[in-house]
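Asker: This one is protein_21.txt, compact mmCIF, C-alpha atoms.
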# COMPACT_ATOMS: atom_id res chain seq x y z
CA MET A 1 140.75 130.66 43.58
CA GLU A 2 137.74 130.71 41.30
CA ASN A 3 138.94 127.54 39.56
CA LEU A 4 138.84 125.77 42.92
CA LEU A 5 135.64 127.18 44.37
CA ARG A 6 133.51 126.79 41.23
CA PRO A 7 133.75 122.95 40.96
CA LEU A 8 133.53 122.63 44.76
CA ILE A 9 130.34 124.66 44.86
CA VAL A 10 128.79 122.86 41.90
CA VAL A 11 129.66 119.29 42.91
CA GLY A 12 129.30 119.82 46.65
CA GLY A 13 126.11 121.77 46.23
CA SER A 14 124.60 119.00 44.09
CA VAL A 15 125.48 116.34 46.66
CA VAL A 16 124.24 118.39 49.62
CA LEU A 17 121.03 119.33 47.81
CA THR A 18 120.47 115.66 46.93
CA LEU A 19 120.89 114.53 50.53
CA PHE A 20 118.61 117.32 51.78
CA ILE A 21 115.82 116.56 49.29
CA GLY A 22 116.16 112.84 49.99
CA TRP A 23 115.93 113.42 53.76
CA VAL A 24 112.88 115.67 53.42
CA THR A 25 111.16 113.19 51.13
CA ASP A 26 111.89 110.33 53.52
CA ARG A 27 110.47 112.30 56.47
CA LEU A 28 107.32 113.06 54.50
CA LEU A 29 106.88 109.38 53.63
CA CYS A 30 107.33 108.38 57.28
CA LYS A 31 104.75 110.94 58.33
CA ALA A 32 102.30 109.72 55.71
CA ASP A 33 102.91 106.13 56.79
CA ARG A 34 102.03 106.99 60.40
CA ARG A 35 98.90 108.86 59.36
CA HIS A 36 97.67 106.04 57.08
CA PRO A 37 98.57 102.74 58.75
CA GLU A 38 95.84 100.97 56.78
CA THR A 39 97.96 101.05 53.60
CA PRO A 40 101.62 99.97 53.29
CA LEU A 41 102.21 102.15 50.21
CA TRP A 42 104.18 104.89 51.93
CA GLY A 43 106.39 102.48 53.79
CA LEU A 44 107.06 100.52 50.60
CA LEU A 45 107.94 103.69 48.70
CA ARG A 46 110.75 104.29 51.18
CA ARG A 47 112.54 101.29 49.66
CA GLY A 48 113.24 103.48 46.63
CA ARG A 49 115.09 106.23 48.49
CA ILE A 50 118.52 105.07 47.27
CA PRO A 51 117.66 105.09 43.52
CA TYR A 52 115.70 108.30 44.13
CA GLN A 53 118.80 110.03 45.51
CA LEU A 54 120.91 108.63 42.67
CA VAL A 55 118.49 110.08 40.13
CA LEU A 56 118.57 113.48 41.84
CA CYS A 57 122.35 113.56 42.15
CA ALA A 58 122.97 112.38 38.58
CA ALA A 59 120.43 114.86 37.18
CA LEU A 60 121.88 117.80 39.15
CA LEU A 61 125.46 116.95 38.22
CA ARG A 62 124.55 116.37 34.57
CA GLY A 63 122.80 119.72 34.37
CA SER A 64 125.42 121.75 36.21
CA TYR A 65 128.63 120.02 35.14
CA ASP A 66 129.27 122.44 32.30
CA SER A 67 129.32 125.29 34.81
CA ALA A 68 131.88 123.53 37.00
CA ARG A 69 134.60 123.61 34.31
CA LEU A 70 136.22 120.54 35.87
CA LEU A 71 138.32 118.17 33.75
CA GLN A 72 137.19 119.79 30.56
CA GLU A 73 139.35 117.48 28.46
CA HIS A 74 137.18 114.58 29.70
CA GLU A 75 133.90 116.44 29.53
CA ILE A 76 132.29 114.13 26.98
CA GLY A 77 133.19 110.94 28.88
CA ILE A 78 132.07 112.28 32.24
CA GLY A 79 128.82 113.60 30.76
CA ARG A 80 128.09 110.24 29.15
CA THR A 81 128.86 108.42 32.42
CA LEU A 82 126.45 110.66 34.31
CA THR A 83 123.82 110.00 31.64
CA LEU A 84 124.27 106.24 32.02
CA VAL A 85 124.00 106.51 35.81
CA LEU A 86 120.85 108.63 35.42
CA ILE A 87 119.22 106.09 33.08
CA GLY A 88 120.14 103.11 35.28
CA SER A 89 118.99 104.72 38.53
CA ALA A 90 115.76 105.90 36.89
CA ALA A 91 115.00 102.33 35.77
CA TRP A 92 115.76 101.10 39.30
CA LEU A 93 113.43 103.73 40.76
CA VAL A 94 110.62 102.82 38.34
CA ILE A 95 110.88 99.13 39.30
CA ARG A 96 110.77 99.99 43.02
CA MET A 97 107.77 102.27 42.61
CA ALA A 98 105.90 99.72 40.51
CA ALA A 99 106.65 97.03 43.07
CA ALA A 100 105.32 99.27 45.87
CA VAL A 101 102.07 100.00 44.01
CA VAL A 102 101.49 96.36 43.05
CA GLU A 103 102.32 95.09 46.54
CA THR A 104 99.94 97.61 48.08
CA SER A 105 97.13 96.56 45.77
CA TYR A 106 97.73 92.89 46.53
CA THR A 107 97.84 93.51 50.30
CA ARG A 108 94.48 95.29 50.20
CA TYR A 109 92.97 92.52 48.11
CA ALA A 110 94.36 89.76 50.34
CA SER A 111 93.19 91.44 53.56
CA HIS A 112 89.58 91.38 52.34
CA ARG A 113 89.59 87.87 50.83
CA ALA A 114 92.10 85.92 52.93
CA GLN A 115 89.39 84.30 55.06
CA ARG A 116 86.68 83.93 52.41
CA ASP A 117 88.69 82.71 49.42
CA PRO A 118 92.31 81.76 50.23
CA ALA A 119 92.72 79.89 46.94
CA ARG A 120 91.87 83.07 45.01
CA VAL A 121 94.40 85.01 47.07
CA ARG A 122 97.15 82.50 46.22
CA ARG A 123 96.23 82.75 42.56
CA VAL A 124 96.49 86.55 42.59
CA ARG A 125 99.79 86.32 44.45
CA THR A 126 101.21 84.07 41.73
CA GLN A 127 100.01 86.44 39.01
CA VAL A 128 101.43 89.48 40.80
CA SER A 129 104.80 87.79 41.19
CA LEU A 130 105.05 86.96 37.50
CA ILE A 131 103.78 90.40 36.44
CA MET A 132 106.49 92.09 38.52
CA ARG A 133 109.13 89.90 36.91
CA VAL A 134 107.86 90.85 33.47
CA VAL A 135 107.80 94.57 34.38
CA ALA A 136 111.34 94.39 35.72
CA ALA A 137 112.51 92.63 32.56
CA VAL A 138 110.83 95.17 30.26
CA VAL A 139 112.16 98.16 32.18
CA GLY A 140 115.61 96.62 32.24
CA VAL A 141 115.62 96.03 28.48
CA VAL A 142 114.42 99.58 27.79
CA ALA A 143 117.09 100.99 30.11
CA VAL A 144 119.85 99.00 28.44
CA ALA A 145 118.62 100.07 25.02
CA ALA A 146 118.57 103.72 26.13
CA MET A 147 122.12 103.37 27.46
CA LEU A 148 123.34 101.88 24.20
CA LEU A 149 121.70 104.63 22.17
CA THR A 150 123.80 107.24 23.98
CA PHE A 151 126.79 106.01 21.99
CA PRO A 152 126.93 107.37 18.41
CA ALA A 153 128.29 104.08 17.08
CA MET A 154 125.28 102.20 18.40
CA ARG A 155 122.89 104.70 16.79
CA ALA A 156 124.59 104.18 13.46
CA ALA A 157 124.29 100.42 13.79
CA GLY A 158 120.62 100.63 14.73
CA ALA A 159 119.38 100.51 11.17
CA SER A 160 121.29 97.31 10.38
CA LEU A 161 120.14 95.73 13.63
CA LEU A 162 116.49 96.49 12.84
CA ALA A 163 116.88 95.17 9.30
CA SER A 164 118.20 91.84 10.55
CA ALA A 165 115.76 91.61 13.45
CA GLY A 166 113.50 89.19 11.59
CA ILE A 167 116.29 86.71 10.86
CA ILE A 168 117.70 87.03 14.35
CA GLY A 169 114.23 86.45 15.80
CA ILE A 170 113.77 83.26 13.80
CA VAL A 171 117.20 81.96 14.77
CA ALA A 172 116.66 82.86 18.42
CA GLY A 173 113.23 81.22 18.40
CA VAL A 174 114.65 77.94 17.08
CA ALA A 175 117.64 78.03 19.41
CA ALA A 176 115.61 78.96 22.49
CA GLN A 177 112.57 76.83 21.79
CA SER A 178 112.70 75.16 25.22
CA THR A 179 113.15 78.47 27.03
CA LEU A 180 110.31 80.12 25.15
CA GLY A 181 108.11 77.11 25.82
CA ASN A 182 108.78 77.44 29.55
CA MET A 183 108.01 81.16 29.43
CA PHE A 184 104.64 80.61 27.77
CA ALA A 185 103.98 77.77 30.22
CA GLY A 186 104.71 80.21 33.06
CA PHE A 187 102.05 82.60 31.78
CA GLN A 188 99.65 79.69 31.37
CA ILE A 189 100.23 78.60 34.98
CA ALA A 190 99.86 82.15 36.32
CA PHE A 191 96.64 83.02 34.52
CA GLY A 192 95.23 79.51 34.06
CA ASP A 193 95.02 78.91 37.84
CA MET A 194 96.78 75.54 37.59
CA VAL A 195 99.41 76.02 40.32
CA ARG A 196 99.63 78.83 42.84
CA LEU A 197 102.08 79.89 45.50
CA GLY A 198 101.38 77.91 48.66
CA ASP A 199 99.60 75.03 46.90
CA THR A 200 100.27 71.50 48.17
CA VAL A 201 101.29 69.31 45.23
CA VAL A 202 102.63 65.83 44.56
CA VAL A 203 105.12 65.61 41.68
CA ASP A 204 107.18 62.53 40.84
CA GLY A 205 106.06 60.92 44.08
CA GLU A 206 107.29 63.87 46.20
CA TRP A 207 104.86 65.78 48.42
CA GLY A 208 105.54 69.45 49.03
CA THR A 209 104.42 73.09 48.85
CA VAL A 210 104.91 75.45 45.91
CA GLU A 211 107.42 78.01 47.17
CA GLU A 212 108.37 79.99 44.05
CA VAL A 213 106.95 80.41 40.55
CA THR A 214 108.92 82.13 37.79
CA LEU A 215 108.59 82.36 34.04
CA THR A 216 110.90 79.38 33.50
CA TYR A 217 110.95 77.21 36.62
CA LEU A 218 108.94 76.31 39.72
CA THR A 219 110.30 75.41 43.16
CA VAL A 220 108.57 72.89 45.44
CA ARG A 221 109.57 72.70 49.12
CA THR A 222 109.13 69.13 50.36
CA TRP A 223 108.02 68.10 53.84
CA ASP A 224 111.66 67.42 54.83
CA GLU A 225 112.71 70.93 53.68
CA ARG A 226 114.30 69.90 50.41
CA ARG A 227 113.74 72.03 47.32
CA ILE A 228 112.75 70.50 44.00
CA THR A 229 113.23 72.80 41.01
CA MET A 230 111.28 71.82 37.93
CA PRO A 231 110.59 73.53 34.58
CA VAL A 232 107.14 75.04 34.43
CA SER A 233 106.48 73.11 31.22
CA TYR A 234 106.28 69.97 33.38
CA PHE A 235 103.02 71.18 34.92
CA THR A 236 101.46 71.83 31.52
CA SER A 237 102.50 68.54 29.90
CA LYS A 238 102.31 65.92 32.68
CA PRO A 239 99.68 65.01 35.29
CA PHE A 240 100.29 65.99 38.90
CA GLN A 241 98.32 66.14 42.12
CA ASN A 242 97.20 69.49 43.54
CA TRP A 243 95.70 68.94 46.99
CA THR A 244 94.61 72.57 47.37
CA ARG A 245 93.22 73.19 43.87
CA GLY A 246 89.70 74.08 45.02
CA THR A 247 89.98 73.92 48.79
CA SER A 248 92.66 72.90 51.27
CA GLN A 249 90.39 70.42 53.12
CA LEU A 250 91.51 66.79 52.83
CA THR A 251 90.45 63.30 53.93
CA GLY A 252 93.06 61.05 55.49
CA VAL A 253 93.11 57.24 55.38
CA VAL A 254 94.63 54.72 57.82
CA TYR A 255 94.73 50.95 57.20
CA TRP A 256 95.20 48.05 59.62
CA GLN A 257 95.58 44.34 58.94
CA LEU A 258 93.74 42.63 61.81
CA ASP A 259 92.39 39.26 62.83
CA HIS A 260 88.83 38.41 61.92
CA SER A 261 87.88 38.56 65.60
CA ALA A 262 88.74 42.27 65.91
CA PRO A 263 86.02 44.26 67.77
CA LEU A 264 84.82 46.63 65.06
CA ASP A 265 82.18 48.43 67.14
CA ALA A 266 84.65 49.07 69.93
CA MET A 267 87.18 50.32 67.36
CA ARG A 268 84.64 52.80 66.02
CA GLU A 269 84.05 54.16 69.50
CA ARG A 270 87.77 54.34 70.15
CA LEU A 271 88.32 56.17 66.83
CA ARG A 272 85.69 58.72 67.83
CA ASP A 273 87.41 59.29 71.19
CA ILE A 274 90.83 59.66 69.57
CA LEU A 275 89.60 62.24 67.07
CA ARG A 276 87.76 64.26 69.71
CA ASN A 277 91.04 64.64 71.60
CA CYS A 278 93.06 65.48 68.47
CA PRO A 279 93.20 69.25 67.74
CA ALA A 280 94.15 68.63 64.10
CA TRP A 281 90.79 66.97 63.32
CA ASP A 282 88.35 69.52 61.88
CA GLY A 283 85.23 67.63 63.03
CA ARG A 284 83.67 67.27 59.58
CA ASP A 285 83.60 63.49 59.20
CA TYR A 286 85.11 60.16 60.23
CA GLY A 287 84.39 56.48 59.68
CA LEU A 288 85.68 52.93 60.03
CA ALA A 289 84.88 49.96 57.78
CA VAL A 290 86.24 46.62 56.60
CA THR A 291 87.48 47.06 53.03
CA ASP A 292 89.06 43.66 52.31
CA SER A 293 89.46 40.16 53.72
CA THR A 294 91.95 37.31 53.33
CA PRO A 295 91.96 33.78 54.80
CA ASN A 296 94.12 35.00 57.69
CA THR A 297 93.34 38.73 58.18
CA MET A 298 90.93 41.47 57.25
CA GLU A 299 91.73 45.02 56.16
CA VAL A 300 90.17 47.77 58.29
CA ARG A 301 90.13 51.33 56.96
CA ALA A 302 89.61 54.49 59.00
CA LEU A 303 88.71 57.84 57.43
CA MET A 304 89.19 61.24 59.04
CA THR A 305 89.11 64.83 57.76
CA ALA A 306 91.35 67.86 58.34
CA LYS A 307 91.61 71.42 57.11
CA ASP A 308 94.92 71.03 55.23
CA ALA A 309 97.70 68.60 54.35
CA ASP A 310 99.75 69.23 57.50
CA ASP A 311 96.80 68.57 59.79
CA VAL A 312 95.68 65.46 57.92
CA TRP A 313 99.16 64.00 58.37
CA THR A 314 99.00 64.74 62.10
CA VAL A 315 95.57 63.13 62.41
CA ARG A 316 96.66 60.00 60.52
CA VAL A 317 99.75 59.31 62.62
CA THR A 318 97.84 60.03 65.84
CA VAL A 319 95.02 57.63 64.98
CA ARG A 320 97.40 54.93 63.79
CA GLU A 321 99.58 55.03 66.91
CA GLN A 322 96.84 55.31 69.52
CA MET A 323 94.65 52.64 67.91
CA ILE A 324 97.50 50.12 67.79
CA THR A 325 98.41 50.90 71.40
CA TRP A 326 94.80 50.40 72.46
CA LEU A 327 94.49 47.09 70.58
CA VAL A 328 97.69 45.74 72.12
CA LYS A 329 96.52 46.67 75.60
CA GLU A 330 92.78 45.91 75.47
CA HIS A 331 92.29 43.45 72.58
CA PRO A 332 95.53 41.62 71.80
CA TYR A 333 93.62 38.80 70.13
CA ALA A 334 92.63 41.23 67.36
CA LEU A 335 96.20 41.57 66.10
CA PRO A 336 97.20 39.39 63.13
CA ARG A 337 98.57 35.98 64.16
CA VAL A 338 100.33 33.12 62.43
CA ASN A 339 98.52 29.81 63.05
CA THR A 340 101.04 27.11 63.94
CA ALA A 341 98.55 24.47 65.25
CA ASP A 342 98.09 21.19 63.35
CA ALA A 343 95.00 20.99 61.23
CA VAL A 344 92.45 18.32 62.28
CA LEU A 345 90.44 16.15 59.91
CA PRO A 346 86.65 15.87 60.38
CA ASN A 347 87.02 12.42 62.09
CA GLY A 348 89.36 13.88 64.70
CA VAL A 349 92.56 12.42 63.20
CA PRO A 350 95.43 15.01 62.87
CA ARG A 351 96.30 15.89 59.29
CA PRO A 352 99.76 14.50 58.38
CA SER A 353 102.43 17.16 58.38
CA PRO A 354 105.14 17.17 55.73
CA SER A 355 108.40 15.43 56.52
CA PRO A 356 111.71 17.30 56.33
CA ASP A 357 112.29 15.96 52.81
CA GLY A 358 108.96 17.30 51.61
CA ALA A 359 107.08 13.95 51.44
CA PRO A 360 103.91 13.69 53.53
CA ARG A 361 104.14 11.51 56.58
CA ARG A 362 101.72 8.65 57.18
CA ALA A 363 99.03 9.42 59.66
CA HIS A 364 99.25 7.51 62.93
CA ALA A 365 96.38 5.19 63.62
CA THR A 366 94.24 5.75 66.62
CA PRO A 367 95.40 3.65 69.60
CA HIS A 368 93.00 0.67 69.77
CA THR A 369 93.31 -3.15 69.60
CA ALA A 370 92.49 -4.71 66.27
CA PRO A 371 90.34 -7.91 66.40
CA ARG A 372 92.34 -11.13 65.96
CA PRO A 373 91.15 -13.67 63.36
CA ASN A 374 89.78 -16.97 64.74
CA ARG A 375 92.19 -19.85 64.41
CA PRO A 376 90.91 -22.95 62.81
Would you mind writing the file out in structure tokens?
Answerer:
Amino acid sequence: MENLLRPLIVVGGSVVLTLFIGWVTDRLLCKADRRHPETPLWGLLRRGRIPYQLVLCAALLRGSYDSARLLQEHEIGIGRTLTLVLIGSAAWLVIRMAAAVVETSYTRYASHRAQRDPARVRRVRTQVSLIMRVVAAVVGVVAVAAMLLTFPAMRAAGASLLASAGIIGIVAGVAAQSTLGNMFAGFQIAFGDMVRLGDTVVVDGEWGTVEEVTLTYLTVRTWDERRITMPVSYFTSKPFQNWTRGTSQLTGVVYWQLDHSAPLDAMRERLRDILRNCPAWDGRDYGLAVTDSTPNTMEVRALMTAKDADDVWTVRVTVREQMITWLVKEHPYALPRVNTADAVLPNGVPRPSPSPDGAPRRAHATPHTAPRPNRP
């Protein structure tokens, strides 16, 4: 009877105690979250309740397993398995707690600067994202190393591994030169303030928003919801456009090819009316001017401002459509035309048009009666 009750009490007691402590801790975190709604720390810490319970259960079982006297012939294997579970769950818990602390700090920073300096907030967000990836990688490597060191064979091979670390590092550096270059480029992007999460960029002729930044690659979401994944080294070695580098405000441009008789003053007034009725226009500036001229048409350019790339696109298409509609309805003569009338010489005689075979036709004489010579 004792052989049955002892392992049941030890194992069952460890599980029940783990669930009870986990439940109490979760209730305390919920209570703290309700008392301090200004900070999301307590709510974020609740994400670590699963690794927290795994750590408790593995620690209790590892400490009390010898007293259970269960499967004693496999005691070493079971003890080592519990140790591996304890190390892995502890690393998981550390990553969750670090993420909660970092996310809380970023949220407080962003809440105070979101309106005053949104570019700075995006920069900090990019840095926080990369820092968390580095922390997770470091903790993961340490956890794996600790797991391997639990095996006696791995401890014996440690000296030879350390002795050959220099050679292995050189070989790995040569073999992974591209990967290492991307990693260093990722740090340069994060702390050099070149590209941030949420920035509007143009790369390889594609316009989009930076959606994800990692140590090795960067994802750009285009306006048609495609994703372009590029190595981060691209942004440190090639030129690209960043429309929100200093501020998100932009100036949009619309061109028209019109006849020389187009009413420019009336177009300026119409542009002003269109922009006043367009919510996407930020009211900073607008203008209309002739920027070029050809023998048949002239190029008219309209400028308008907006607070970001999405709004400047909306303003441009609105101005383009409504201005063309207004010209067609009110001033159709201002639209570009193809002149099909015969040219006239200064003396009033029509210029000869080319014949079908390409040779110029002879001009017809004006209809009058030529004087007859006097007969002898």
Asker: Tell me, in Å to one decimal, how far atom CA of A:Thr318 is from atom CA of A:Ala280.
Answerer: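 Going from atom CA of A:Thr318 over to atom CA of A:Ala280, I get 9.5 Å.
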Asker: What box, with edges along x, y and z, holds each listed atom of stretch 259-278 of chain A when 8 Å is added on every side, and can you state its centre and edge lengths in Å to one decimal, as AutoDock Vina command-line options?
Answerer:
--center_x 87.6 --center_y 51.9 --center_z 66.8 --size_x 26.9 --size_y 43.1 --size_z 25.7
Asker: Quick one: of A:Ala100, A:Leu19, A:Leu258, A:Leu56, who's nearest to A:Gly43, counting all atoms listed in the file?
Answerer: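 Smallest distance to A:Gly43 is found for A:Ala100.
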Asker: Between atom CA of A:Gly252 and atom CA of A:Val312, what is the spacing in Å?
Answerer: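 Taking atom CA of A:Val312 as the start and atom CA of A:Gly252 as the end point, the length is 5.7 Å.
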Asker: Counting only C-alpha atoms, note down every residue that has an atom within 10 Å of the point (105.4, 68.0, 50.6) (file coordinates), as a compact mmCIF listing (two decimals) with C-alpha atoms, in the frame of the given file.
Answerer:
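The result, stored in point.txt:
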# COMPACT_ATOMS: atom_id res chain seq x y z
CA ASP A 199 99.60 75.03 46.90
CA THR A 200 100.27 71.50 48.17
CA VAL A 201 101.29 69.31 45.23
CA VAL A 202 102.63 65.83 44.56
CA VAL A 203 105.12 65.61 41.68
CA GLY A 205 106.06 60.92 44.08
CA GLU A 206 107.29 63.87 46.20
CA TRP A 207 104.86 65.78 48.42
CA GLY A 208 105.54 69.45 49.03
CA THR A 209 104.42 73.09 48.85
CA VAL A 210 104.91 75.45 45.91
CA VAL A 220 108.57 72.89 45.44
CA ARG A 221 109.57 72.70 49.12
CA THR A 222 109.13 69.13 50.36
CA TRP A 223 108.02 68.10 53.84
CA ASP A 224 111.66 67.42 54.83
CA GLU A 225 112.71 70.93 53.68
CA ARG A 226 114.30 69.90 50.41
CA ARG A 227 113.74 72.03 47.32
CA ALA A 309 97.70 68.60 54.35
CA ASP A 310 99.75 69.23 57.50
Asker: Rank nothing, just name the residue among A:Pro263, A:Ala91, A:Val141, A:Arg46 nearest to A:Asp33, using only C-alpha atoms.
Answerer: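 Comparing A:Pro263, A:Ala91, A:Val141, A:Arg46 against A:Asp33, the winner is A:Arg46.
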Asker: State, in Å with one decimal place, the distance from atom CA of A:Pro332 to atom CA of A:Trp256.
Answerer: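 Going from atom CA of A:Pro332 over to atom CA of A:Trp256, I get 13.8 Å.
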Asker: For A:Asp285, find every residue with an atom within 10 Å (counting only C-alpha atoms), except residues of its own chain fewer than 6 positions away, and show them as a list in words.
Answerer: Thr251, Leu275, Leu303, Met304, Thr305 and Ala306 of chain A
Asker: Counting all atoms listed in the file, which residue out of A:Arg108, A:Arg27, A:Arg62, A:Arg245 sits closest to A:Arg80?
Answerer: A:Arg62
Asker: Identify the residues within 10 Å of coordinate (115.7, 105.1, 45.8) (same frame as the file), considering all atoms listed in the file, and give the answer as a VMD selection string.
Answerer: chain A and resid 22 45 to 56 89 to 90 92 to 94 96 to 97
Asker: Smallest atom-to-atom distance to A:Val317: which of A:Ala110, A:Tyr255, A:Ser293, A:Arg284, using only C-alpha atoms?
Answerer: A:Tyr255
Asker: Give me, as number ranges by chain, all polymer residues having an atom no more than 10 Å from A:Leu41, counting only C-alpha atoms and skipping those fewer than 3 positions away in the same chain.
Answerer: A: 29, 32-33, 36-38, 44-46, 97, 99-105, 107
Asker: Taking the block above, write stretch 265-280 of chain A with C-alpha atoms as a tab-separated table (two decimals), in the first residue's frame.
Answerer:
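Writing the result to decode37.tsv gives the following:
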chain	number	residue	atom	x	y	z
A	265	ASP	CA	-7.11	81.59	-63.56
A	266	ALA	CA	-10.38	79.68	-63.57
A	267	MET	CA	-8.45	76.44	-63.06
A	268	ARG	CA	-6.73	77.90	-60.01
A	269	GLU	CA	-10.07	78.83	-58.51
A	270	ARG	CA	-11.48	75.41	-59.31
A	271	LEU	CA	-8.44	73.72	-57.72
A	272	ARG	CA	-8.99	75.75	-54.56
A	273	ASP	CA	-12.66	74.69	-54.43
A	274	ILE	CA	-11.80	71.02	-55.00
A	275	LEU	CA	-9.22	70.99	-52.21
A	276	ARG	CA	-11.51	72.74	-49.74
A	277	ASN	CA	-14.06	69.95	-50.23
A	278	CYS	CA	-11.45	67.17	-49.99
A	279	PRO	CA	-10.95	65.90	-46.39
A	280	ALA	CA	-7.56	64.41	-47.28
